[in-house]
$ cat final-v1.cif   # mmCIF, N, CA and C atoms
data_protein
#
loop_
_atom_site.label_atom_id
_atom_site.label_comp_id
_atom_site.auth_asym_id
_atom_site.auth_seq_id
_atom_site.Cartn_x
_atom_site.Cartn_y
_atom_site.Cartn_z
N MET A 23 -14.47 -28.07 13.10
CA MET A 23 -15.72 -27.63 12.54
C MET A 23 -16.36 -28.83 11.84
N SER A 24 -17.63 -29.00 12.09
CA SER A 24 -18.32 -30.13 11.48
C SER A 24 -18.60 -29.86 10.01
N LEU A 25 -18.88 -30.90 9.32
CA LEU A 25 -19.16 -30.80 7.90
C LEU A 25 -20.42 -29.96 7.67
N LEU A 26 -21.42 -30.13 8.52
CA LEU A 26 -22.67 -29.38 8.39
C LEU A 26 -22.44 -27.89 8.60
N SER A 27 -21.68 -27.53 9.64
CA SER A 27 -21.43 -26.11 9.89
C SER A 27 -20.60 -25.50 8.77
N ASP A 28 -19.67 -26.27 8.23
CA ASP A 28 -18.88 -25.80 7.09
C ASP A 28 -19.78 -25.54 5.89
N TYR A 29 -20.70 -26.46 5.65
CA TYR A 29 -21.64 -26.32 4.54
C TYR A 29 -22.51 -25.08 4.72
N LEU A 30 -23.03 -24.88 5.94
CA LEU A 30 -23.89 -23.72 6.20
C LEU A 30 -23.12 -22.40 6.04
N LEU A 31 -21.87 -22.40 6.46
CA LEU A 31 -21.02 -21.22 6.30
C LEU A 31 -20.81 -20.92 4.82
N LYS A 32 -20.49 -21.93 4.04
CA LYS A 32 -20.27 -21.74 2.60
C LYS A 32 -21.56 -21.27 1.93
N GLU A 33 -22.69 -21.82 2.35
CA GLU A 33 -23.97 -21.42 1.79
C GLU A 33 -24.24 -19.94 2.05
N GLN A 34 -23.93 -19.48 3.27
CA GLN A 34 -24.10 -18.07 3.62
C GLN A 34 -23.16 -17.19 2.79
N GLN A 35 -21.93 -17.65 2.58
CA GLN A 35 -20.96 -16.88 1.78
C GLN A 35 -21.43 -16.76 0.34
N VAL A 36 -21.99 -17.85 -0.21
CA VAL A 36 -22.51 -17.82 -1.58
C VAL A 36 -23.66 -16.82 -1.67
N LYS A 37 -24.52 -16.81 -0.67
CA LYS A 37 -25.66 -15.89 -0.66
C LYS A 37 -25.16 -14.44 -0.63
N THR A 38 -24.16 -14.19 0.19
CA THR A 38 -23.59 -12.83 0.29
C THR A 38 -22.94 -12.43 -1.03
N LEU A 39 -22.21 -13.34 -1.65
CA LEU A 39 -21.56 -13.04 -2.92
C LEU A 39 -22.60 -12.77 -4.02
N ARG A 40 -23.70 -13.53 -4.02
CA ARG A 40 -24.77 -13.29 -5.01
C ARG A 40 -25.35 -11.89 -4.85
N GLN A 41 -25.56 -11.47 -3.60
CA GLN A 41 -26.10 -10.13 -3.35
C GLN A 41 -25.13 -9.05 -3.84
N GLU A 42 -23.84 -9.24 -3.58
CA GLU A 42 -22.83 -8.29 -4.04
C GLU A 42 -22.79 -8.25 -5.57
N LEU A 43 -22.90 -9.42 -6.20
CA LEU A 43 -22.88 -9.50 -7.65
C LEU A 43 -24.09 -8.78 -8.25
N GLN A 44 -25.25 -8.96 -7.65
CA GLN A 44 -26.45 -8.28 -8.13
C GLN A 44 -26.31 -6.76 -7.98
N ARG A 45 -25.71 -6.33 -6.86
CA ARG A 45 -25.50 -4.89 -6.65
C ARG A 45 -24.55 -4.34 -7.72
N LEU A 46 -23.49 -5.08 -8.01
CA LEU A 46 -22.55 -4.64 -9.04
C LEU A 46 -23.20 -4.59 -10.42
N GLU A 47 -24.04 -5.56 -10.71
CA GLU A 47 -24.69 -5.60 -12.02
C GLU A 47 -25.59 -4.40 -12.24
N ARG A 48 -26.09 -3.81 -11.17
CA ARG A 48 -26.94 -2.62 -11.28
C ARG A 48 -26.13 -1.33 -11.33
N ASP A 49 -24.85 -1.39 -11.07
CA ASP A 49 -23.98 -0.21 -11.05
C ASP A 49 -23.75 0.29 -12.48
N GLU A 50 -24.05 1.55 -12.70
CA GLU A 50 -23.91 2.15 -14.04
C GLU A 50 -22.45 2.23 -14.47
N ARG A 51 -21.55 2.44 -13.53
CA ARG A 51 -20.12 2.52 -13.89
C ARG A 51 -19.63 1.19 -14.43
N LEU A 52 -20.06 0.10 -13.80
CA LEU A 52 -19.68 -1.23 -14.29
C LEU A 52 -20.26 -1.46 -15.68
N GLN A 53 -21.50 -1.06 -15.88
CA GLN A 53 -22.14 -1.23 -17.19
C GLN A 53 -21.35 -0.48 -18.27
N ALA A 54 -20.91 0.74 -17.94
CA ALA A 54 -20.15 1.53 -18.90
C ALA A 54 -18.80 0.86 -19.20
N GLU A 55 -18.15 0.33 -18.19
CA GLU A 55 -16.86 -0.35 -18.40
C GLU A 55 -17.03 -1.62 -19.22
N LEU A 56 -18.09 -2.37 -18.93
CA LEU A 56 -18.35 -3.58 -19.71
C LEU A 56 -18.64 -3.25 -21.17
N GLU A 57 -19.39 -2.17 -21.39
CA GLU A 57 -19.68 -1.75 -22.75
C GLU A 57 -18.40 -1.33 -23.47
N PHE A 58 -17.54 -0.58 -22.79
CA PHE A 58 -16.26 -0.17 -23.38
C PHE A 58 -15.42 -1.38 -23.74
N LYS A 59 -15.34 -2.35 -22.81
CA LYS A 59 -14.54 -3.55 -23.05
C LYS A 59 -15.07 -4.31 -24.26
N LYS A 60 -16.38 -4.44 -24.37
CA LYS A 60 -16.97 -5.17 -25.50
C LYS A 60 -16.67 -4.45 -26.82
N LYS A 61 -16.84 -3.13 -26.82
CA LYS A 61 -16.57 -2.37 -28.04
C LYS A 61 -15.09 -2.45 -28.42
N LEU A 62 -14.21 -2.40 -27.43
CA LEU A 62 -12.78 -2.51 -27.69
C LEU A 62 -12.44 -3.88 -28.26
N GLU A 63 -13.01 -4.93 -27.68
CA GLU A 63 -12.75 -6.28 -28.19
C GLU A 63 -13.29 -6.44 -29.61
N ASP A 64 -14.48 -5.87 -29.89
CA ASP A 64 -15.05 -5.93 -31.24
C ASP A 64 -14.13 -5.20 -32.24
N LEU A 65 -13.65 -4.05 -31.84
CA LEU A 65 -12.76 -3.27 -32.69
C LEU A 65 -11.45 -4.00 -32.94
N MET A 66 -10.90 -4.62 -31.89
CA MET A 66 -9.67 -5.39 -32.06
C MET A 66 -9.91 -6.56 -33.01
N GLY A 67 -11.07 -7.20 -32.91
CA GLY A 67 -11.39 -8.30 -33.80
C GLY A 67 -11.57 -7.83 -35.23
N GLU A 68 -12.18 -6.68 -35.40
CA GLU A 68 -12.42 -6.12 -36.74
C GLU A 68 -11.10 -5.84 -37.45
N PHE A 69 -10.10 -5.38 -36.70
CA PHE A 69 -8.82 -5.05 -37.31
C PHE A 69 -7.77 -6.14 -37.08
N ASP A 70 -8.17 -7.26 -36.55
CA ASP A 70 -7.30 -8.40 -36.31
C ASP A 70 -6.08 -8.00 -35.46
N LYS A 71 -6.35 -7.36 -34.33
CA LYS A 71 -5.30 -6.92 -33.40
C LYS A 71 -5.54 -7.58 -32.05
N ASN A 72 -4.43 -7.81 -31.31
CA ASN A 72 -4.56 -8.32 -29.95
C ASN A 72 -4.18 -7.21 -28.98
N ILE A 73 -4.26 -7.50 -27.69
CA ILE A 73 -4.02 -6.48 -26.68
C ILE A 73 -2.59 -5.93 -26.75
N SER A 74 -1.63 -6.78 -27.08
CA SER A 74 -0.24 -6.32 -27.20
C SER A 74 -0.10 -5.32 -28.34
N ASP A 75 -0.81 -5.57 -29.44
CA ASP A 75 -0.78 -4.63 -30.57
C ASP A 75 -1.36 -3.28 -30.16
N VAL A 76 -2.46 -3.32 -29.42
CA VAL A 76 -3.11 -2.07 -29.00
C VAL A 76 -2.19 -1.29 -28.07
N ILE A 77 -1.55 -1.98 -27.14
CA ILE A 77 -0.63 -1.30 -26.22
C ILE A 77 0.54 -0.70 -26.99
N ALA A 78 1.05 -1.43 -27.97
CA ALA A 78 2.16 -0.92 -28.78
C ALA A 78 1.74 0.31 -29.58
N ILE A 79 0.49 0.35 -30.03
CA ILE A 79 0.01 1.51 -30.79
C ILE A 79 -0.19 2.71 -29.86
N VAL A 80 -0.79 2.47 -28.71
CA VAL A 80 -1.09 3.56 -27.78
C VAL A 80 0.18 4.06 -27.10
N ASP A 81 1.10 3.16 -26.79
CA ASP A 81 2.31 3.49 -26.06
C ASP A 81 3.51 2.86 -26.75
N PRO A 82 3.97 3.43 -27.87
CA PRO A 82 5.00 2.79 -28.67
C PRO A 82 6.32 2.56 -27.94
N LYS A 83 6.70 3.44 -27.04
CA LYS A 83 7.97 3.29 -26.34
C LYS A 83 7.83 2.45 -25.07
N GLY A 84 6.62 2.15 -24.68
CA GLY A 84 6.41 1.42 -23.44
C GLY A 84 6.58 2.31 -22.23
N ASP A 85 6.52 3.63 -22.43
CA ASP A 85 6.73 4.57 -21.33
C ASP A 85 5.50 4.74 -20.45
N LEU A 86 4.35 4.48 -20.98
CA LEU A 86 3.12 4.76 -20.25
C LEU A 86 3.06 3.99 -18.95
N SER A 87 3.26 2.69 -19.00
CA SER A 87 3.16 1.90 -17.79
C SER A 87 4.28 2.23 -16.82
N SER A 88 5.48 2.44 -17.32
CA SER A 88 6.59 2.76 -16.42
C SER A 88 6.45 4.16 -15.84
N SER A 89 5.94 5.11 -16.63
CA SER A 89 5.78 6.46 -16.09
C SER A 89 4.66 6.50 -15.07
N VAL A 90 3.64 5.70 -15.25
CA VAL A 90 2.57 5.64 -14.26
C VAL A 90 3.11 5.02 -12.98
N LYS A 91 3.90 3.96 -13.10
CA LYS A 91 4.48 3.32 -11.92
C LYS A 91 5.43 4.27 -11.21
N SER A 92 6.29 4.94 -11.96
CA SER A 92 7.27 5.81 -11.33
C SER A 92 6.59 7.01 -10.70
N ALA A 93 5.52 7.51 -11.31
CA ALA A 93 4.80 8.64 -10.74
C ALA A 93 4.15 8.23 -9.42
N SER A 94 3.59 7.04 -9.38
CA SER A 94 2.97 6.60 -8.13
C SER A 94 4.03 6.33 -7.07
N THR A 95 5.18 5.83 -7.47
CA THR A 95 6.26 5.60 -6.52
C THR A 95 6.78 6.92 -5.99
N LYS A 96 6.97 7.89 -6.87
CA LYS A 96 7.45 9.19 -6.43
C LYS A 96 6.45 9.85 -5.50
N ALA A 97 5.18 9.71 -5.79
CA ALA A 97 4.17 10.35 -4.97
C ALA A 97 4.16 9.77 -3.56
N THR A 98 4.38 8.48 -3.43
CA THR A 98 4.33 7.90 -2.10
C THR A 98 5.64 8.06 -1.36
N SER A 99 6.78 7.88 -2.04
CA SER A 99 8.05 7.93 -1.34
C SER A 99 8.59 9.35 -1.22
N GLY A 100 8.26 10.22 -2.14
CA GLY A 100 8.83 11.56 -2.14
C GLY A 100 8.09 12.54 -1.26
N THR A 101 6.91 12.19 -0.78
CA THR A 101 6.12 13.13 -0.01
C THR A 101 6.37 13.05 1.49
N ARG A 102 7.03 12.00 1.92
CA ARG A 102 7.25 11.84 3.35
C ARG A 102 8.35 12.78 3.82
N ARG A 103 8.06 13.48 4.90
CA ARG A 103 9.05 14.40 5.46
C ARG A 103 10.14 13.63 6.19
N LYS A 104 11.31 14.22 6.22
CA LYS A 104 12.42 13.64 6.96
C LYS A 104 12.15 13.83 8.45
N ARG A 105 12.38 12.79 9.22
CA ARG A 105 12.14 12.87 10.66
C ARG A 105 13.17 13.77 11.33
N LYS A 106 12.75 14.36 12.44
CA LYS A 106 13.64 15.22 13.20
C LYS A 106 14.71 14.39 13.89
N LEU A 107 15.90 14.96 13.97
CA LEU A 107 17.00 14.29 14.65
C LEU A 107 16.77 14.39 16.15
N LYS A 108 16.86 13.25 16.82
CA LYS A 108 16.72 13.22 18.28
C LYS A 108 18.07 12.82 18.86
N VAL A 109 18.46 13.53 19.91
CA VAL A 109 19.73 13.25 20.57
C VAL A 109 19.44 12.83 22.01
N TYR A 110 19.85 11.63 22.36
CA TYR A 110 19.68 11.10 23.71
C TYR A 110 21.06 11.03 24.38
N ARG A 111 21.12 11.46 25.65
CA ARG A 111 22.38 11.38 26.40
C ARG A 111 22.11 10.55 27.66
N ASN A 112 22.82 9.42 27.75
CA ASN A 112 22.69 8.54 28.91
C ASN A 112 23.43 9.16 30.09
N PRO A 113 22.72 9.52 31.17
CA PRO A 113 23.38 10.17 32.31
C PRO A 113 24.29 9.22 33.10
N HIS A 114 24.11 7.92 32.91
CA HIS A 114 24.91 6.95 33.67
C HIS A 114 26.32 6.81 33.11
N ASN A 115 26.47 6.92 31.79
CA ASN A 115 27.81 6.75 31.21
C ASN A 115 28.18 7.86 30.23
N GLY A 116 27.28 8.83 30.02
CA GLY A 116 27.57 9.96 29.15
C GLY A 116 27.49 9.65 27.67
N GLU A 117 27.10 8.44 27.31
CA GLU A 117 27.02 8.04 25.91
C GLU A 117 25.90 8.82 25.22
N VAL A 118 26.16 9.23 23.96
CA VAL A 118 25.20 10.01 23.20
C VAL A 118 24.77 9.22 21.96
N ILE A 119 23.47 9.27 21.69
CA ILE A 119 22.92 8.62 20.50
C ILE A 119 22.15 9.66 19.71
N GLU A 120 22.42 9.71 18.42
CA GLU A 120 21.64 10.56 17.51
C GLU A 120 20.86 9.65 16.59
N THR A 121 19.54 9.82 16.54
CA THR A 121 18.71 8.96 15.71
C THR A 121 17.51 9.73 15.18
N ARG A 122 17.00 9.26 14.06
CA ARG A 122 15.79 9.84 13.47
C ARG A 122 14.57 8.93 13.66
N GLY A 123 14.80 7.76 14.23
CA GLY A 123 13.70 6.82 14.44
C GLY A 123 13.91 6.06 15.73
N GLY A 124 12.96 5.18 16.05
CA GLY A 124 13.05 4.43 17.29
C GLY A 124 13.64 3.05 17.11
N ASN A 125 14.20 2.77 15.95
CA ASN A 125 14.69 1.43 15.66
C ASN A 125 16.20 1.34 15.85
N HIS A 126 16.73 2.11 16.79
CA HIS A 126 18.16 2.14 17.06
C HIS A 126 18.49 1.06 18.08
N LYS A 127 19.49 0.26 17.77
CA LYS A 127 19.84 -0.91 18.59
C LYS A 127 20.14 -0.51 20.04
N VAL A 128 21.01 0.47 20.24
CA VAL A 128 21.41 0.87 21.59
C VAL A 128 20.24 1.54 22.31
N LEU A 129 19.46 2.35 21.58
CA LEU A 129 18.30 3.01 22.18
C LEU A 129 17.29 1.98 22.68
N LYS A 130 17.08 0.94 21.90
CA LYS A 130 16.18 -0.14 22.33
C LYS A 130 16.71 -0.82 23.59
N ALA A 131 18.02 -1.04 23.65
CA ALA A 131 18.62 -1.68 24.83
C ALA A 131 18.44 -0.79 26.06
N TRP A 132 18.63 0.50 25.89
CA TRP A 132 18.43 1.42 27.01
C TRP A 132 16.98 1.38 27.49
N LYS A 133 16.05 1.41 26.54
CA LYS A 133 14.63 1.40 26.92
C LYS A 133 14.26 0.11 27.63
N GLU A 134 14.88 -0.98 27.23
CA GLU A 134 14.62 -2.26 27.88
C GLU A 134 15.21 -2.27 29.29
N GLN A 135 16.38 -1.67 29.43
CA GLN A 135 17.07 -1.68 30.72
C GLN A 135 16.48 -0.67 31.70
N TYR A 136 16.23 0.58 31.23
CA TYR A 136 15.83 1.66 32.13
C TYR A 136 14.35 2.01 32.03
N GLY A 137 13.67 1.54 31.00
CA GLY A 137 12.26 1.88 30.80
C GLY A 137 12.12 2.99 29.78
N SER A 138 11.09 2.91 28.98
CA SER A 138 10.89 3.84 27.88
C SER A 138 10.71 5.28 28.35
N ASP A 139 9.93 5.47 29.40
CA ASP A 139 9.68 6.83 29.90
C ASP A 139 10.96 7.48 30.40
N THR A 140 11.77 6.71 31.09
CA THR A 140 13.04 7.23 31.61
C THR A 140 13.96 7.65 30.47
N VAL A 141 14.09 6.79 29.47
CA VAL A 141 14.97 7.09 28.34
C VAL A 141 14.45 8.29 27.55
N GLU A 142 13.15 8.41 27.38
CA GLU A 142 12.60 9.58 26.68
C GLU A 142 12.91 10.86 27.44
N GLY A 143 13.09 10.76 28.75
CA GLY A 143 13.50 11.91 29.57
C GLY A 143 14.93 12.34 29.28
N TRP A 144 15.71 11.47 28.70
CA TRP A 144 17.10 11.78 28.34
C TRP A 144 17.22 12.57 27.03
N LEU A 145 16.12 12.78 26.37
CA LEU A 145 16.13 13.51 25.11
C LEU A 145 16.57 14.94 25.41
N GLU A 146 17.60 15.39 24.69
CA GLU A 146 18.14 16.72 24.96
C GLU A 146 17.22 17.78 24.41
N GLU A 147 17.09 18.87 25.13
CA GLU A 147 16.20 19.97 24.75
C GLU A 147 16.66 20.64 23.46
N GLY A 148 15.71 21.11 22.68
CA GLY A 148 16.03 21.81 21.44
C GLY A 148 16.31 20.90 20.28
N GLN A 149 16.38 19.60 20.49
CA GLN A 149 16.71 18.66 19.43
C GLN A 149 15.46 18.02 18.85
N ALA A 150 14.40 17.93 19.59
CA ALA A 150 13.20 17.21 19.15
C ALA A 150 12.39 17.95 18.15
#
$ encode --input "final-v1.cif" --output "structure tokens"
Amino acid sequence: MSLLSDYLLKEQQVKTLRQELQRLERDERLQAELEFKKKLEDLMGEFDKNISDVIAIVDPKGDLSSSVKSASTKATSGTRRKRKLKVYRNPHNGEVIETRGGNHKVLKAWKEQYGSDTVEGWLEEGQA
């Protein structure tokens, strides 16, 4: 890329960022948050407190941040259903594989050797 094209690209990016910044500056939610932040900083200055002091006052045990993290972790990891058990029986050698996912080493080898559609045909009825 030439220096001129790089310059023109950067100039366009700056123009786009300025437009986004102007849009944000007109957003009432941002204005409210900025006002809150300013008032909070003024209040902290008035009482000679820093952010660590405020957090200690609001959350003396330090549970707030950990409970928020654990709640979000539980919400994402605890809501997923357990996958159904699939049982594949290889008709060539009678070998049976039970798996809940497609990341099974032997199952992958079978699919590579015989083809995915063929191996999916080996899925035993009533198990899926």
$ select_by_dssp --input "final-v1.cif" --residues "chain A" --states "helix (DSSP H, G or I)" --output "ChimeraX atom specification"
/A:25-48,50-68,73-80,85-99,127-136,138-142
$ atom_distance --input "final-v1.cif" --atom1 "atom C of Arg105 (chain A)" --atom2 "atom C of Glu120 (chain A)"
10.2 Å
$ resolve_selection --input "final-v1.cif" --expression "the PyMOL selection byres (((chain A and resi 132 and name CA) around 12) and name CA)" --output "PDB file with N, CA and C atoms, keeping the file's coordinate frame"
ATOM      1  N   TYR A 110      19.850  11.630  22.360  1.00  0.00           N
ATOM      2  CA  TYR A 110      19.680  11.100  23.710  1.00  0.00           C
ATOM      3  C   TYR A 110      21.060  11.030  24.380  1.00  0.00           C
ATOM      4  N   ARG A 111      21.120  11.460  25.650  1.00  0.00           N
ATOM      5  CA  ARG A 111      22.380  11.380  26.400  1.00  0.00           C
ATOM      6  C   ARG A 111      22.110  10.550  27.660  1.00  0.00           C
ATOM      7  N   ASN A 112      22.820   9.420  27.750  1.00  0.00           N
ATOM      8  CA  ASN A 112      22.690   8.540  28.910  1.00  0.00           C
ATOM      9  C   ASN A 112      23.430   9.160  30.090  1.00  0.00           C
ATOM     10  N   PRO A 113      22.720   9.520  31.170  1.00  0.00           N
ATOM     11  CA  PRO A 113      23.380  10.170  32.310  1.00  0.00           C
ATOM     12  C   PRO A 113      24.290   9.220  33.100  1.00  0.00           C
ATOM     13  N   HIS A 114      24.110   7.920  32.910  1.00  0.00           N
ATOM     14  CA  HIS A 114      24.910   6.950  33.670  1.00  0.00           C
ATOM     15  C   HIS A 114      26.320   6.810  33.110  1.00  0.00           C
ATOM     16  N   ASN A 115      26.470   6.920  31.790  1.00  0.00           N
ATOM     17  CA  ASN A 115      27.810   6.750  31.210  1.00  0.00           C
ATOM     18  C   ASN A 115      28.180   7.860  30.230  1.00  0.00           C
ATOM     19  N   GLU A 117      27.100   8.440  27.310  1.00  0.00           N
ATOM     20  CA  GLU A 117      27.020   8.040  25.910  1.00  0.00           C
ATOM     21  C   GLU A 117      25.900   8.820  25.220  1.00  0.00           C
ATOM     22  N   VAL A 118      26.160   9.230  23.960  1.00  0.00           N
ATOM     23  CA  VAL A 118      25.200  10.010  23.200  1.00  0.00           C
ATOM     24  C   VAL A 118      24.770   9.220  21.960  1.00  0.00           C
ATOM     25  N   ILE A 119      23.470   9.270  21.690  1.00  0.00           N
ATOM     26  CA  ILE A 119      22.920   8.620  20.500  1.00  0.00           C
ATOM     27  C   ILE A 119      22.150   9.660  19.710  1.00  0.00           C
ATOM     28  N   GLY A 124      12.960   5.180  16.050  1.00  0.00           N
ATOM     29  CA  GLY A 124      13.050   4.430  17.290  1.00  0.00           C
ATOM     30  C   GLY A 124      13.640   3.050  17.110  1.00  0.00           C
ATOM     31  N   ASN A 125      14.200   2.770  15.950  1.00  0.00           N
ATOM     32  CA  ASN A 125      14.690   1.430  15.660  1.00  0.00           C
ATOM     33  C   ASN A 125      16.200   1.340  15.850  1.00  0.00           C
ATOM     34  N   HIS A 126      16.730   2.110  16.790  1.00  0.00           N
ATOM     35  CA  HIS A 126      18.160   2.140  17.060  1.00  0.00           C
ATOM     36  C   HIS A 126      18.490   1.060  18.080  1.00  0.00           C
ATOM     37  N   LYS A 127      19.490   0.260  17.770  1.00  0.00           N
ATOM     38  CA  LYS A 127      19.840  -0.910  18.590  1.00  0.00           C
ATOM     39  C   LYS A 127      20.140  -0.510  20.040  1.00  0.00           C
ATOM     40  N   VAL A 128      21.010   0.470  20.240  1.00  0.00           N
ATOM     41  CA  VAL A 128      21.410   0.870  21.590  1.00  0.00           C
ATOM     42  C   VAL A 128      20.240   1.540  22.310  1.00  0.00           C
ATOM     43  N   LEU A 129      19.460   2.350  21.580  1.00  0.00           N
ATOM     44  CA  LEU A 129      18.300   3.010  22.180  1.00  0.00           C
ATOM     45  C   LEU A 129      17.290   1.980  22.680  1.00  0.00           C
ATOM     46  N   LYS A 130      17.080   0.940  21.900  1.00  0.00           N
ATOM     47  CA  LYS A 130      16.180  -0.140  22.330  1.00  0.00           C
ATOM     48  C   LYS A 130      16.710  -0.820  23.590  1.00  0.00           C
ATOM     49  N   ALA A 131      18.020  -1.040  23.650  1.00  0.00           N
ATOM     50  CA  ALA A 131      18.620  -1.680  24.830  1.00  0.00           C
ATOM     51  C   ALA A 131      18.440  -0.790  26.060  1.00  0.00           C
ATOM     52  N   LYS A 133      16.050   1.410  26.540  1.00  0.00           N
ATOM     53  CA  LYS A 133      14.630   1.400  26.920  1.00  0.00           C
ATOM     54  C   LYS A 133      14.260   0.110  27.630  1.00  0.00           C
ATOM     55  N   GLU A 134      14.880  -0.980  27.230  1.00  0.00           N
ATOM     56  CA  GLU A 134      14.620  -2.260  27.880  1.00  0.00           C
ATOM     57  C   GLU A 134      15.210  -2.270  29.290  1.00  0.00           C
ATOM     58  N   GLN A 135      16.380  -1.670  29.430  1.00  0.00           N
ATOM     59  CA  GLN A 135      17.070  -1.680  30.720  1.00  0.00           C
ATOM     60  C   GLN A 135      16.480  -0.670  31.700  1.00  0.00           C
ATOM     61  N   TYR A 136      16.230   0.580  31.230  1.00  0.00           N
ATOM     62  CA  TYR A 136      15.830   1.660  32.130  1.00  0.00           C
ATOM     63  C   TYR A 136      14.350   2.010  32.030  1.00  0.00           C
ATOM     64  N   GLY A 137      13.670   1.540  31.000  1.00  0.00           N
ATOM     65  CA  GLY A 137      12.260   1.880  30.800  1.00  0.00           C
ATOM     66  C   GLY A 137      12.120   2.990  29.780  1.00  0.00           C
ATOM     67  N   SER A 138      11.090   2.910  28.980  1.00  0.00           N
ATOM     68  CA  SER A 138      10.890   3.840  27.880  1.00  0.00           C
ATOM     69  C   SER A 138      10.710   5.280  28.350  1.00  0.00           C
ATOM     70  N   ASP A 139       9.930   5.470  29.400  1.00  0.00           N
ATOM     71  CA  ASP A 139       9.680   6.830  29.900  1.00  0.00           C
ATOM     72  C   ASP A 139      10.960   7.480  30.400  1.00  0.00           C
ATOM     73  N   THR A 140      11.770   6.710  31.090  1.00  0.00           N
ATOM     74  CA  THR A 140      13.040   7.230  31.610  1.00  0.00           C
ATOM     75  C   THR A 140      13.960   7.650  30.470  1.00  0.00           C
ATOM     76  N   VAL A 141      14.090   6.790  29.470  1.00  0.00           N
ATOM     77  CA  VAL A 141      14.970   7.090  28.340  1.00  0.00           C
ATOM     78  C   VAL A 141      14.450   8.290  27.550  1.00  0.00           C
ATOM     79  N   GLU A 142      13.150   8.410  27.380  1.00  0.00           N
ATOM     80  CA  GLU A 142      12.600   9.580  26.680  1.00  0.00           C
ATOM     81  C   GLU A 142      12.910  10.860  27.440  1.00  0.00           C
ATOM     82  N   GLY A 143      13.090  10.760  28.750  1.00  0.00           N
ATOM     83  CA  GLY A 143      13.500  11.910  29.570  1.00  0.00           C
ATOM     84  C   GLY A 143      14.930  12.340  29.280  1.00  0.00           C
ATOM     85  N   TRP A 144      15.710  11.470  28.700  1.00  0.00           N
ATOM     86  CA  TRP A 144      17.100  11.780  28.340  1.00  0.00           C
ATOM     87  C   TRP A 144      17.220  12.570  27.030  1.00  0.00           C
TER      88      TRP A 144
END
$ axis_aligned_box --input "final-v1.cif" --around "region 109-126 of chain A" --padding-each-side "6 Å" --output "lines of an AutoDock Vina configuration file"
center_x = 20.6
center_y = 7.3
center_z = 23.6
size_x = 27.2
size_y = 24.5
size_z = 32.2
$ atom_distance --input "final-v1.cif" --atom1 "CA of Lys59 (chain A)" --atom2 "CA of Ile77 (chain A)"
14.4 Å
$ select_by_dssp --input "final-v1.cif" --residues "chain A" --states "strand (DSSP E)" --output "ChimeraX atom specification"
/A:108-111,118-121
$ write_last_selection --input "final-v1.cif" --atoms "N, CA and C atoms" --output "mmCIF file, keeping the file's coordinate frame"
data_model
loop_
_atom_site.group_PDB
_atom_site.id
_atom_site.type_symbol
_atom_site.label_atom_id
_atom_site.label_comp_id
_atom_site.auth_asym_id
_atom_site.auth_seq_id
_atom_site.Cartn_x
_atom_site.Cartn_y
_atom_site.Cartn_z
ATOM 1 N N LYS A 108 16.860 13.250 16.820
ATOM 2 C CA LYS A 108 16.720 13.220 18.280
ATOM 3 C C LYS A 108 18.070 12.820 18.860
ATOM 4 N N VAL A 109 18.460 13.530 19.910
ATOM 5 C CA VAL A 109 19.730 13.250 20.570
ATOM 6 C C VAL A 109 19.440 12.830 22.010
ATOM 7 N N TYR A 110 19.850 11.630 22.360
ATOM 8 C CA TYR A 110 19.680 11.100 23.710
ATOM 9 C C TYR A 110 21.060 11.030 24.380
ATOM 10 N N ARG A 111 21.120 11.460 25.650
ATOM 11 C CA ARG A 111 22.380 11.380 26.400
ATOM 12 C C ARG A 111 22.110 10.550 27.660
ATOM 13 N N VAL A 118 26.160 9.230 23.960
ATOM 14 C CA VAL A 118 25.200 10.010 23.200
ATOM 15 C C VAL A 118 24.770 9.220 21.960
ATOM 16 N N ILE A 119 23.470 9.270 21.690
ATOM 17 C CA ILE A 119 22.920 8.620 20.500
ATOM 18 C C ILE A 119 22.150 9.660 19.710
ATOM 19 N N GLU A 120 22.420 9.710 18.420
ATOM 20 C CA GLU A 120 21.640 10.560 17.510
ATOM 21 C C GLU A 120 20.860 9.650 16.590
ATOM 22 N N THR A 121 19.540 9.820 16.540
ATOM 23 C CA THR A 121 18.710 8.960 15.710
ATOM 24 C C THR A 121 17.510 9.730 15.180
#
$ atom_distance --input "final-v1.cif" --atom1 "atom C of Glu68 (chain A)" --atom2 "CA of Asp81 (chain A)"
19.9 Å
